[in-house]
$ cat protein34.cif   # mmCIF, C-alpha atoms
data_upload
#
loop_
_atom_site.label_atom_id
_atom_site.label_comp_id
_atom_site.auth_asym_id
_atom_site.auth_seq_id
_atom_site.Cartn_x
_atom_site.Cartn_y
_atom_site.Cartn_z
CA MET A 95 -18.15 29.99 -13.75
CA GLY A 96 -14.89 31.86 -14.03
CA ASN A 97 -14.89 32.71 -10.28
CA VAL A 98 -14.64 29.10 -9.10
CA ALA A 99 -11.54 28.56 -6.96
CA ARG A 100 -12.11 25.03 -5.65
CA VAL A 101 -14.50 22.18 -6.43
CA GLY A 102 -15.18 19.20 -4.19
CA ILE A 103 -16.49 16.15 -6.03
CA ASP A 104 -18.13 13.18 -4.37
CA LEU A 105 -17.18 10.34 -6.74
CA ALA A 106 -19.39 7.38 -7.56
CA LYS A 107 -19.99 4.97 -10.41
CA ASP A 108 -22.73 6.80 -12.31
CA VAL A 109 -24.01 9.78 -10.28
CA PHE A 110 -21.59 12.40 -8.91
CA HIS A 111 -22.03 15.53 -6.84
CA ALA A 112 -19.96 18.70 -7.21
CA TYR A 113 -19.72 21.57 -4.71
CA ALA A 114 -17.78 24.71 -5.67
CA VAL A 115 -16.58 27.80 -3.80
CA ASP A 116 -14.92 31.03 -4.96
CA GLU A 117 -11.71 32.62 -3.68
CA HIS A 118 -13.63 34.05 -0.70
CA GLU A 119 -14.99 30.60 0.26
CA HIS A 120 -18.52 31.57 -0.81
CA PRO A 121 -20.60 28.79 -2.41
CA VAL A 122 -20.89 29.00 -6.21
CA PHE A 123 -22.90 25.88 -7.03
CA SER A 124 -23.88 22.46 -5.68
CA ARG A 125 -25.26 20.04 -8.24
CA SER A 126 -25.66 16.39 -9.11
CA LEU A 127 -23.93 15.27 -12.31
CA THR A 128 -23.79 12.29 -14.60
CA ARG A 129 -20.44 10.96 -15.81
CA ARG A 130 -20.78 12.87 -19.10
CA GLN A 131 -21.75 16.08 -17.30
CA LEU A 132 -18.79 15.80 -14.96
CA ARG A 133 -16.41 15.47 -17.90
CA GLU A 134 -17.99 18.52 -19.53
CA LEU A 135 -17.68 20.48 -16.28
CA LEU A 136 -13.96 19.75 -16.01
CA VAL A 137 -13.46 20.79 -19.63
CA THR A 138 -15.35 24.10 -19.37
CA LEU A 139 -14.18 25.22 -15.91
CA ALA A 140 -11.28 27.68 -15.70
CA PRO A 141 -8.22 26.06 -14.06
CA CYS A 142 -8.88 25.60 -10.35
CA VAL A 143 -8.44 23.09 -7.53
CA ILE A 144 -10.37 19.84 -8.10
CA ALA A 145 -10.66 17.88 -4.85
CA THR A 146 -11.87 14.31 -4.48
CA GLU A 147 -11.95 11.75 -1.71
CA SER A 148 -9.58 8.78 -2.00
CA SER A 149 -11.45 5.98 -3.74
CA GLY A 150 -11.13 3.49 -6.57
CA THR A 151 -11.53 6.08 -9.34
CA ALA A 152 -9.90 9.10 -7.66
CA HIS A 153 -6.59 8.81 -9.56
CA HIS A 154 -8.39 8.47 -12.91
CA TRP A 155 -10.36 11.66 -12.35
CA ALA A 156 -7.29 13.46 -10.99
CA ARG A 157 -5.37 12.65 -14.19
CA TYR A 158 -8.36 13.72 -16.30
CA ALA A 159 -8.65 17.05 -14.45
CA ARG A 160 -4.92 17.70 -14.80
CA ARG A 161 -5.24 17.46 -18.60
CA PHE A 162 -7.28 20.68 -18.56
CA GLY A 163 -4.98 22.67 -16.27
CA HIS A 164 -6.68 21.92 -12.96
CA GLN A 165 -4.85 21.15 -9.72
CA PRO A 166 -6.08 17.75 -8.51
CA ARG A 167 -6.08 17.04 -4.79
CA ILE A 168 -7.05 13.69 -3.32
CA VAL A 169 -7.99 13.74 0.37
CA ALA A 170 -7.89 10.58 2.48
CA SER A 171 -11.34 9.52 3.65
CA HIS A 172 -10.60 9.80 7.37
CA TYR A 173 -9.56 13.44 6.89
CA VAL A 174 -12.85 14.29 5.18
CA THR A 175 -15.19 12.92 7.88
CA PRO A 176 -14.62 15.71 10.47
CA TYR A 177 -15.76 18.34 7.94
CA ARG A 178 -19.09 16.69 7.13
CA LYS A 179 -22.07 18.58 8.55
CA GLY A 180 -25.20 16.71 9.57
CA ASN A 181 -26.20 13.42 8.01
CA LYS A 182 -24.20 11.67 5.32
CA HIS A 183 -25.39 12.21 1.74
CA ASP A 184 -23.77 13.12 -1.57
CA ALA A 185 -24.14 16.89 -1.23
CA ALA A 186 -22.75 16.90 2.32
CA ASP A 187 -19.86 14.69 1.24
CA ALA A 188 -18.95 16.97 -1.67
CA GLU A 189 -19.04 20.03 0.59
CA ALA A 190 -16.89 18.27 3.19
CA ILE A 191 -14.33 17.29 0.52
CA CYS A 192 -14.21 20.89 -0.72
CA GLU A 193 -13.78 22.20 2.83
CA ALA A 194 -11.06 19.68 3.74
CA ALA A 195 -9.07 20.39 0.58
CA GLY A 196 -8.94 24.08 1.45
CA ARG A 197 -7.27 23.62 4.83
CA PRO A 198 -3.66 24.92 4.77
CA ASN A 199 -2.18 21.96 6.67
CA MET A 200 -4.16 19.21 4.92
CA ARG A 201 -2.23 16.17 3.69
CA PHE A 202 -3.04 14.87 0.24
CA VAL A 203 -2.69 11.51 -1.46
CA PRO A 204 -0.10 11.58 -4.28
CA VAL A 205 -1.74 11.28 -7.70
CA LYS A 206 -0.63 8.09 -9.45
CA ASP A 207 0.11 7.89 -13.14
CA ILE A 208 -1.02 4.94 -15.25
CA GLU A 209 2.30 3.10 -14.95
CA GLN A 210 2.18 3.32 -11.16
CA GLN A 211 -1.33 1.89 -11.15
CA ASP A 212 -0.22 -0.91 -13.48
CA VAL A 213 2.53 -1.92 -11.03
CA GLN A 214 0.12 -1.63 -8.12
CA CYS A 215 -2.24 -3.98 -9.96
CA LEU A 216 0.59 -6.52 -10.20
CA HIS A 217 1.16 -6.36 -6.46
CA ARG A 218 -2.54 -6.64 -5.66
CA ILE A 219 -2.92 -9.67 -7.92
CA ARG A 220 0.14 -11.26 -6.32
CA GLN A 221 -1.18 -10.54 -2.83
CA ARG A 222 -4.53 -12.18 -3.64
CA ARG A 223 -2.88 -15.26 -5.12
CA MET A 224 -0.60 -15.57 -2.10
CA LYS A 225 -3.66 -15.54 0.18
CA GLU A 226 -5.36 -18.16 -1.99
CA ARG A 227 -2.24 -20.33 -1.88
CA THR A 228 -2.13 -20.11 1.92
CA ALA A 229 -5.83 -21.05 2.10
CA VAL A 230 -5.31 -24.10 -0.15
CA ILE A 231 -2.29 -25.24 1.86
CA ASN A 232 -4.13 -24.88 5.16
CA GLN A 233 -7.18 -26.68 3.83
CA ALA A 234 -5.14 -29.58 2.48
CA ARG A 235 -3.27 -29.93 5.76
CA GLY A 236 -6.49 -29.79 7.79
CA LEU A 237 -8.31 -32.33 5.63
CA LEU A 238 -5.40 -34.77 5.80
CA LEU A 239 -5.30 -34.43 9.58
CA GLU A 240 -8.98 -35.41 9.77
CA PHE A 241 -7.98 -38.74 8.24
CA GLY A 242 -5.20 -39.18 10.79
CA ILE A 243 -2.41 -38.05 8.46
CA PRO A 244 -0.34 -35.30 10.12
CA VAL A 245 2.16 -33.40 7.98
CA ARG A 246 5.07 -31.34 9.25
CA LEU A 247 4.69 -27.55 9.25
CA GLY A 248 5.80 -25.52 6.27
CA PRO A 249 4.70 -25.63 2.63
CA GLY A 250 7.84 -27.49 1.57
CA GLY A 251 7.11 -30.50 3.76
CA LEU A 252 3.49 -30.66 2.61
CA ARG A 253 4.48 -30.33 -1.03
CA ARG A 254 6.77 -33.35 -0.77
CA ALA A 255 4.36 -35.34 1.39
CA ILE A 256 1.17 -35.14 -0.70
CA PRO A 257 2.41 -37.30 -3.64
CA VAL A 258 3.65 -39.90 -1.14
CA ILE A 259 0.34 -39.85 0.75
CA LEU A 260 -1.68 -40.24 -2.45
CA ASN A 261 0.31 -43.34 -3.39
CA ASP A 262 0.14 -44.87 0.10
CA ALA A 263 -2.56 -47.54 0.09
CA THR A 264 -2.31 -48.12 3.86
CA ASN A 265 -3.85 -44.80 4.96
CA GLU A 266 -7.59 -44.10 5.41
CA LEU A 267 -8.04 -42.02 2.27
CA SER A 268 -10.77 -43.33 -0.02
CA GLU A 269 -10.67 -42.98 -3.79
CA ARG A 270 -12.85 -39.88 -3.57
CA GLY A 271 -10.63 -38.46 -0.83
CA ARG A 272 -7.52 -39.05 -2.93
CA ARG A 273 -9.13 -37.27 -5.88
CA LEU A 274 -10.04 -34.29 -3.70
CA ILE A 275 -6.56 -34.00 -2.19
CA ALA A 276 -5.04 -34.37 -5.66
CA ALA A 277 -7.30 -31.58 -6.92
CA LEU A 278 -6.14 -29.33 -4.06
CA TYR A 279 -2.53 -30.18 -4.87
CA ASN A 280 -3.05 -29.32 -8.55
CA GLU A 281 -4.75 -26.06 -7.57
CA TRP A 282 -1.77 -25.26 -5.36
CA MET A 283 0.71 -25.93 -8.17
CA ASP A 284 -1.34 -23.78 -10.54
CA LEU A 285 -1.24 -20.91 -8.03
CA GLU A 286 2.53 -21.34 -7.70
CA HIS A 287 2.81 -21.00 -11.47
CA ARG A 288 0.61 -17.90 -11.54
CA ILE A 289 2.53 -16.28 -8.67
CA ALA A 290 5.78 -16.95 -10.52
CA GLU A 291 4.34 -15.21 -13.60
CA VAL A 292 3.59 -12.07 -11.57
CA ASP A 293 7.02 -12.25 -9.93
CA ARG A 294 8.67 -12.28 -13.36
CA GLU A 295 6.63 -9.25 -14.39
CA ILE A 296 7.61 -7.41 -11.19
CA GLU A 297 11.26 -8.33 -11.82
CA HIS A 298 10.97 -6.83 -15.31
CA VAL A 299 9.55 -3.59 -13.88
CA PHE A 300 12.36 -3.56 -11.31
CA ARG A 301 15.09 -3.89 -13.96
CA GLU A 302 13.57 -1.10 -16.08
CA SER A 303 13.20 1.42 -13.21
CA ALA A 304 16.18 3.56 -12.21
CA ALA A 305 14.44 4.54 -8.95
CA CYS A 306 13.93 0.88 -8.02
CA GLN A 307 17.57 0.15 -8.79
CA ARG A 308 18.67 2.93 -6.44
CA LEU A 309 16.41 1.65 -3.66
CA ALA A 310 17.69 -1.91 -4.05
CA LYS A 311 21.18 -0.76 -2.98
CA MET A 312 19.78 -0.56 0.54
CA GLY A 313 19.79 -3.58 2.80
CA GLY A 314 16.37 -5.16 3.30
CA ILE A 315 14.91 -3.75 0.07
CA GLY A 316 14.58 -5.78 -3.13
CA PRO A 317 12.35 -5.91 -6.22
CA LEU A 318 9.10 -6.37 -4.27
CA ILE A 319 9.53 -3.46 -1.85
CA SER A 320 11.11 -1.08 -4.35
CA THR A 321 8.46 -1.55 -7.04
CA ALA A 322 5.61 -1.38 -4.51
CA LEU A 323 7.00 1.80 -2.97
CA VAL A 324 7.57 3.58 -6.29
CA ALA A 325 4.08 2.55 -7.40
CA ALA A 326 2.62 4.01 -4.20
CA VAL A 327 4.55 7.29 -3.79
CA GLY A 328 6.38 7.96 -7.08
CA ASN A 329 9.27 10.32 -6.33
CA ALA A 330 7.97 10.83 -2.76
CA THR A 331 8.04 14.64 -3.05
CA GLU A 332 4.49 14.79 -1.63
CA PHE A 333 6.11 14.13 1.76
CA LYS A 334 7.98 16.88 3.56
CA ASN A 335 10.65 14.51 4.85
CA GLY A 336 11.37 10.87 5.56
CA ARG A 337 9.67 11.00 8.92
CA HIS A 338 6.40 11.99 7.27
CA MET A 339 6.61 9.04 4.87
CA ALA A 340 7.36 6.66 7.73
CA ALA A 341 4.30 8.03 9.54
CA TRP A 342 2.22 7.57 6.39
CA LEU A 343 3.31 3.92 6.35
CA GLY A 344 2.24 3.50 9.99
CA LEU A 345 5.79 2.80 11.19
CA VAL A 346 5.78 5.39 14.00
CA PRO A 347 4.41 5.10 17.56
CA ARG A 348 0.84 6.02 18.39
CA GLN A 349 0.54 8.74 21.01
CA HIS A 350 -1.83 9.26 23.90
CA SER A 351 -0.29 12.36 25.45
CA SER A 352 -1.87 15.04 27.58
CA GLY A 353 -0.87 17.73 30.05
CA GLY A 354 2.71 17.77 28.85
CA GLN A 355 3.16 14.08 29.60
CA GLN A 356 4.18 12.09 26.54
CA ARG A 357 2.93 8.53 26.27
CA LEU A 358 4.02 6.46 23.27
CA LEU A 359 2.26 3.24 22.34
CA GLY A 360 2.71 0.64 19.60
CA ILE A 361 3.03 1.62 15.94
CA SER A 362 0.06 3.41 14.43
CA LYS A 363 -0.45 0.90 11.56
CA ARG A 364 -1.89 3.64 9.36
CA GLY A 365 -1.57 3.76 5.61
CA ASP A 366 -0.89 0.89 3.21
CA SER A 367 -0.82 -2.33 5.25
CA TYR A 368 0.69 -4.31 2.34
CA LEU A 369 3.60 -1.91 1.91
CA ARG A 370 4.15 -1.70 5.66
CA ALA A 371 4.27 -5.51 5.89
CA LEU A 372 6.86 -5.62 3.10
CA PHE A 373 9.08 -3.15 4.96
CA ILE A 374 8.74 -5.20 8.15
CA HIS A 375 9.63 -8.44 6.31
CA GLY A 376 12.63 -6.78 4.68
CA ALA A 377 13.86 -5.39 8.00
CA ARG A 378 13.41 -8.79 9.65
CA ALA A 379 15.53 -10.46 6.96
CA LEU A 380 18.24 -7.81 7.28
CA LEU A 381 18.29 -8.01 11.07
CA LYS A 382 18.89 -11.76 10.95
CA ILE A 383 22.20 -11.20 9.17
CA ALA A 384 23.14 -7.91 10.85
CA GLN A 385 25.79 -9.62 12.97
CA ARG A 386 27.64 -10.62 9.79
CA ARG A 387 27.61 -7.11 8.29
CA SER A 388 29.97 -4.27 9.13
CA ASP A 389 28.09 -1.20 7.83
CA ARG A 390 26.80 1.45 10.21
CA ILE A 391 23.12 0.57 9.90
CA ALA A 392 23.75 -3.11 10.60
CA ARG A 393 25.81 -2.26 13.70
CA TRP A 394 23.08 0.09 14.92
CA ALA A 395 20.37 -2.55 14.35
CA ALA A 396 22.38 -5.28 16.10
CA GLY A 397 22.98 -3.01 19.09
CA LEU A 398 19.29 -2.11 19.30
CA GLU A 399 18.32 -5.78 19.15
CA ALA A 400 20.63 -6.53 22.06
CA ARG A 401 19.04 -3.75 24.14
CA ARG A 402 15.35 -3.92 23.17
CA GLY A 403 14.73 -7.29 21.53
CA PHE A 404 14.19 -8.58 18.01
CA ASN A 405 10.67 -7.24 17.37
CA VAL A 406 11.38 -3.66 18.47
CA ALA A 407 14.60 -3.63 16.46
CA THR A 408 12.76 -4.94 13.40
CA VAL A 409 10.18 -2.14 13.44
CA ALA A 410 12.85 0.49 14.15
CA LEU A 411 14.91 -0.77 11.22
CA ALA A 412 11.84 -0.73 8.96
CA ASN A 413 11.24 2.88 10.02
CA LYS A 414 14.83 3.80 9.25
CA ASN A 415 14.67 2.08 5.85
CA ALA A 416 11.49 4.01 5.01
CA ARG A 417 13.13 7.32 5.87
CA ILE A 418 16.25 6.52 3.86
CA ALA A 419 14.08 5.36 0.96
CA TRP A 420 12.35 8.76 0.98
CA ALA A 421 15.74 10.49 0.69
CA VAL A 422 16.78 8.23 -2.19
CA LEU A 423 13.54 8.89 -4.10
CA ALA A 424 13.09 12.58 -3.29
CA HIS A 425 16.69 13.60 -3.99
CA GLY A 426 17.26 11.21 -6.90
CA GLU A 427 20.65 10.18 -5.53
CA PRO A 428 22.04 6.67 -5.03
CA PHE A 429 22.18 5.13 -1.57
CA ARG A 430 25.57 5.43 0.14
CA ALA A 431 25.86 3.24 3.20
CA GLU A 432 28.94 5.00 4.51
CA ARG A 433 27.01 8.26 4.86
CA GLN A 434 24.20 6.80 6.94
#
$ encode --input "protein34.cif" --output "structure tokens"
Amino acid sequence: MGNVARVGIDLAKDVFHAYAVDEHEHPVFSRSLTRRQLRELLVTLAPCVIATESSGTAHHWARYARRFGHQPRIVASHYVTPYRKGNKHDAADAEAICEAAGRPNMRFVPVKDIEQQDVQCLHRIRQRRMKERTAVINQARGLLLEFGIPVRLGPGGLRRAIPVILNDATNELSERGRRLIAALYNEWMDLEHRIAEVDREIEHVFRESAACQRLAKMGGIGPLISTALVAAVGNATEFKNGRHMAAWLGLVPRQHSSGGQQRLLGISKRGDSYLRALFIHGARALLKIAQRRSDRIARWAAGLEARRGFNVATVALANKNARIAWAVLAHGEPFRAERQ
């Protein structure tokens, strides 16, 4: 199998399919493999391109292939679909992955190391706990309202109100109802504690990372955004420039252009929705204090807000921050506001 130039692998839990071509794009083999057989194949193959579709185990197999001199390439799922011929099955998927990875202008997902995946796990756990906290808060507020007990909006007001409500004997809550609301309150406090634990871990990662420290010099970027971004893109050299990374984050307009007429729509919302939301939140916070800042970016953002409104200025500022963040990561230089 020394003439293999590229292998496309359809990943799964137990049964995999590999499709290989030589340097002339002629098929070499197409076979179904077990996990052990796939490992043996990667060990015995001469160094070549190993292509997989982005999935839960893609980064693990990419790191494993790299250990034996292969060039791992991870292709996003929506870029593989156009190359699939006929019906969907493992062999067709593997061939489509192999074909997509061989295109000269194909974009690939950066391969994450173990530390990056560890940090990404922290963010995913935090995100899930935040959603659970929101669900508990909304449920507690809704259940209290059914008993004629309205509570002001915001978690702070509810947090202060629940102990008072539980001790108020004049409301309609029964003993069982009080126990249920108290259980929700305790669940909420437990989630707050668990979220704080993850936040401390993220803060530790932030302090230990030189790249995160450089990013945090920018306005609108702190420990959450910097650690999430470094976990997602590493040194960002997979992107040609900052505009490409902003497009990958979905912070650029969608287009519906034809016949030389350009028509721009809302942002594309492609890529990592969690990371994009963090950039938007950071830009929103920065824009709220832009009037009190004198740097060039703040003046530009304040002027744009005056012309186009708060929401447009927020997205534009998030886009600018993403492009500057790419420069900081790719060039390894500190952020200098006076040069922006």
$ residues_around --input "protein34.cif" --residues "Glu297 in chain A" --least-positions-apart "5" --cutoff "12 Å" --atoms "all atoms listed in the file" --output "list of chain:residue names"
A:Val213, A:Leu216, A:His217, A:Ala290, A:Glu291, A:Val292, A:Glu302, A:Ser303, A:Cys306, A:Gln307, A:Ala310, A:Gly316, A:Pro317, A:Leu318, A:Ile319, A:Ser320, A:Thr321, A:Ala322
$ closest_residue --input "protein34.cif" --among "A:Leu239, A:Val115, A:Ala424, A:Ala384" --to "Val98 in chain A" --atoms "all atoms listed in the file"
A:Val115
$ closest_residue --input "protein34.cif" --among "A:Ala407, A:Ala263, A:Met224, A:Asp207" --to "Arg160 in chain A" --atoms "only C-alpha atoms"
A:Asp207
$ residues_near_point --input "protein34.cif" --point "(7.0, 6.8, 11.8)" --cutoff "9 Å" --atoms "only C-alpha atoms" --output "list in words"
Gly336, Arg337, His338, Met339, Ala340, Ala341, Trp342, Leu343, Gly344, Leu345, Val346, Pro347, Ile361, Ser362, Ala410, Asn413, Lys414, Ala416 and Arg417 of chain A
$ write_last_selection --input "protein34.cif" --atoms "C-alpha atoms" --output "PDB file, in the coordinates of the input"
ATOM      1  CA  GLY A 336      11.370  10.870   5.560  1.00  0.00           C
ATOM      2  CA  ARG A 337       9.670  11.000   8.920  1.00  0.00           C
ATOM      3  CA  HIS A 338       6.400  11.990   7.270  1.00  0.00           C
ATOM      4  CA  MET A 339       6.610   9.040   4.870  1.00  0.00           C
ATOM      5  CA  ALA A 340       7.360   6.660   7.730  1.00  0.00           C
ATOM      6  CA  ALA A 341       4.300   8.030   9.540  1.00  0.00           C
ATOM      7  CA  TRP A 342       2.220   7.570   6.390  1.00  0.00           C
ATOM      8  CA  LEU A 343       3.310   3.920   6.350  1.00  0.00           C
ATOM      9  CA  GLY A 344       2.240   3.500   9.990  1.00  0.00           C
ATOM     10  CA  LEU A 345       5.790   2.800  11.190  1.00  0.00           C
ATOM     11  CA  VAL A 346       5.780   5.390  14.000  1.00  0.00           C
ATOM     12  CA  PRO A 347       4.410   5.100  17.560  1.00  0.00           C
ATOM     13  CA  ILE A 361       3.030   1.620  15.940  1.00  0.00           C
ATOM     14  CA  SER A 362       0.060   3.410  14.430  1.00  0.00           C
ATOM     15  CA  ALA A 410      12.850   0.490  14.150  1.00  0.00           C
ATOM     16  CA  ASN A 413      11.240   2.880  10.020  1.00  0.00           C
ATOM     17  CA  LYS A 414      14.830   3.800   9.250  1.00  0.00           C
ATOM     18  CA  ALA A 416      11.490   4.010   5.010  1.00  0.00           C
ATOM     19  CA  ARG A 417      13.130   7.320   5.870  1.00  0.00           C
TER      20      ARG A 417
END
$ closest_atom_pairs --input "protein34.cif" --of "range 157-235 of chain A" --to "range 121-134 of chain A" --cutoff "10 Å" --atoms "all atoms listed in the file" --output "JSON lines"
{"residue": "A:Tyr158", "atom": "CA", "partner": "A:Arg133", "partner_atom": "CA", "distance": 8.4}
{"residue": "A:Ala159", "atom": "CA", "partner": "A:Arg133", "partner_atom": "CA", "distance": 8.6}
{"residue": "A:Asp184", "atom": "CA", "partner": "A:Ser126", "partner_atom": "CA", "distance": 8.4}
{"residue": "A:Ala185", "atom": "CA", "partner": "A:Ser124", "partner_atom": "CA", "distance": 7.1}
{"residue": "A:Ala186", "atom": "CA", "partner": "A:Ser124", "partner_atom": "CA", "distance": 9.8}
{"residue": "A:Ala188", "atom": "CA", "partner": "A:Ser124", "partner_atom": "CA", "distance": 8.4}
{"residue": "A:Glu189", "atom": "CA", "partner": "A:Ser124", "partner_atom": "CA", "distance": 8.3}
$ atom_distance --input "protein34.cif" --atom1 "CA of Lys179 in chain A" --atom2 "CA of His118 in chain A"
19.9 Å
$ residues_around --input "protein34.cif" --residues "Lys225 in chain A" --least-positions-apart "4" --cutoff "12 Å" --atoms "all atoms listed in the file" --output "list in words"
Arg218, Ile219, Arg220, Gln221, Ala229, Val230, Ile231, Asn232, Trp282, Leu285, Glu286 and Ile289 of chain A
$ residues_around --input "protein34.cif" --residues "Arg386 in chain A" --least-positions-apart "5" --cutoff "12 Å" --atoms "all atoms listed in the file" --output "VMD selection string"
chain A and resid 380 to 381 392 to 393 395 to 396
$ resolve_selection --input "protein34.cif" --expression "the PyMOL selection byres ((chain A and resi 327) around 10)" --output "PDB file with C-alpha atoms, in the coordinates of the input"
ATOM      1  CA  VAL A 203      -2.690  11.510  -1.460  1.00  0.00           C
ATOM      2  CA  PRO A 204      -0.100  11.580  -4.280  1.00  0.00           C
ATOM      3  CA  VAL A 205      -1.740  11.280  -7.700  1.00  0.00           C
ATOM      4  CA  LYS A 206      -0.630   8.090  -9.450  1.00  0.00           C
ATOM      5  CA  GLN A 210       2.180   3.320 -11.160  1.00  0.00           C
ATOM      6  CA  ALA A 322       5.610  -1.380  -4.510  1.00  0.00           C
ATOM      7  CA  LEU A 323       7.000   1.800  -2.970  1.00  0.00           C
ATOM      8  CA  VAL A 324       7.570   3.580  -6.290  1.00  0.00           C
ATOM      9  CA  ALA A 325       4.080   2.550  -7.400  1.00  0.00           C
ATOM     10  CA  ALA A 326       2.620   4.010  -4.200  1.00  0.00           C
ATOM     11  CA  GLY A 328       6.380   7.960  -7.080  1.00  0.00           C
ATOM     12  CA  ASN A 329       9.270  10.320  -6.330  1.00  0.00           C
ATOM     13  CA  ALA A 330       7.970  10.830  -2.760  1.00  0.00           C
ATOM     14  CA  THR A 331       8.040  14.640  -3.050  1.00  0.00           C
ATOM     15  CA  GLU A 332       4.490  14.790  -1.630  1.00  0.00           C
ATOM     16  CA  PHE A 333       6.110  14.130   1.760  1.00  0.00           C
ATOM     17  CA  MET A 339       6.610   9.040   4.870  1.00  0.00           C
ATOM     18  CA  TRP A 420      12.350   8.760   0.980  1.00  0.00           C
ATOM     19  CA  LEU A 423      13.540   8.890  -4.100  1.00  0.00           C
TER      20      LEU A 423
END
$ residues_near_point --input "protein34.cif" --point "(26.9, 0.6, 9.9)" --cutoff "12 Å" --atoms "all atoms listed in the file" --output "PyMOL selection string"
chain A and resi 312-313+384-397+430-434
$ atom_distance --input "protein34.cif" --atom1 "CA of Val143 in chain A" --atom2 "CA of Gln165 in chain A"
4.6 Å
$ atom_distance --input "protein34.cif" --atom1 "CA of His425 in chain A" --atom2 "CA of Lys311 in chain A"
15.1 Å
$ closest_residue --input "protein34.cif" --among "A:Leu309, A:Leu237, A:Gly242, A:Val101" --to "Leu274 in chain A" --atoms "only C-alpha atoms"
A:Leu237
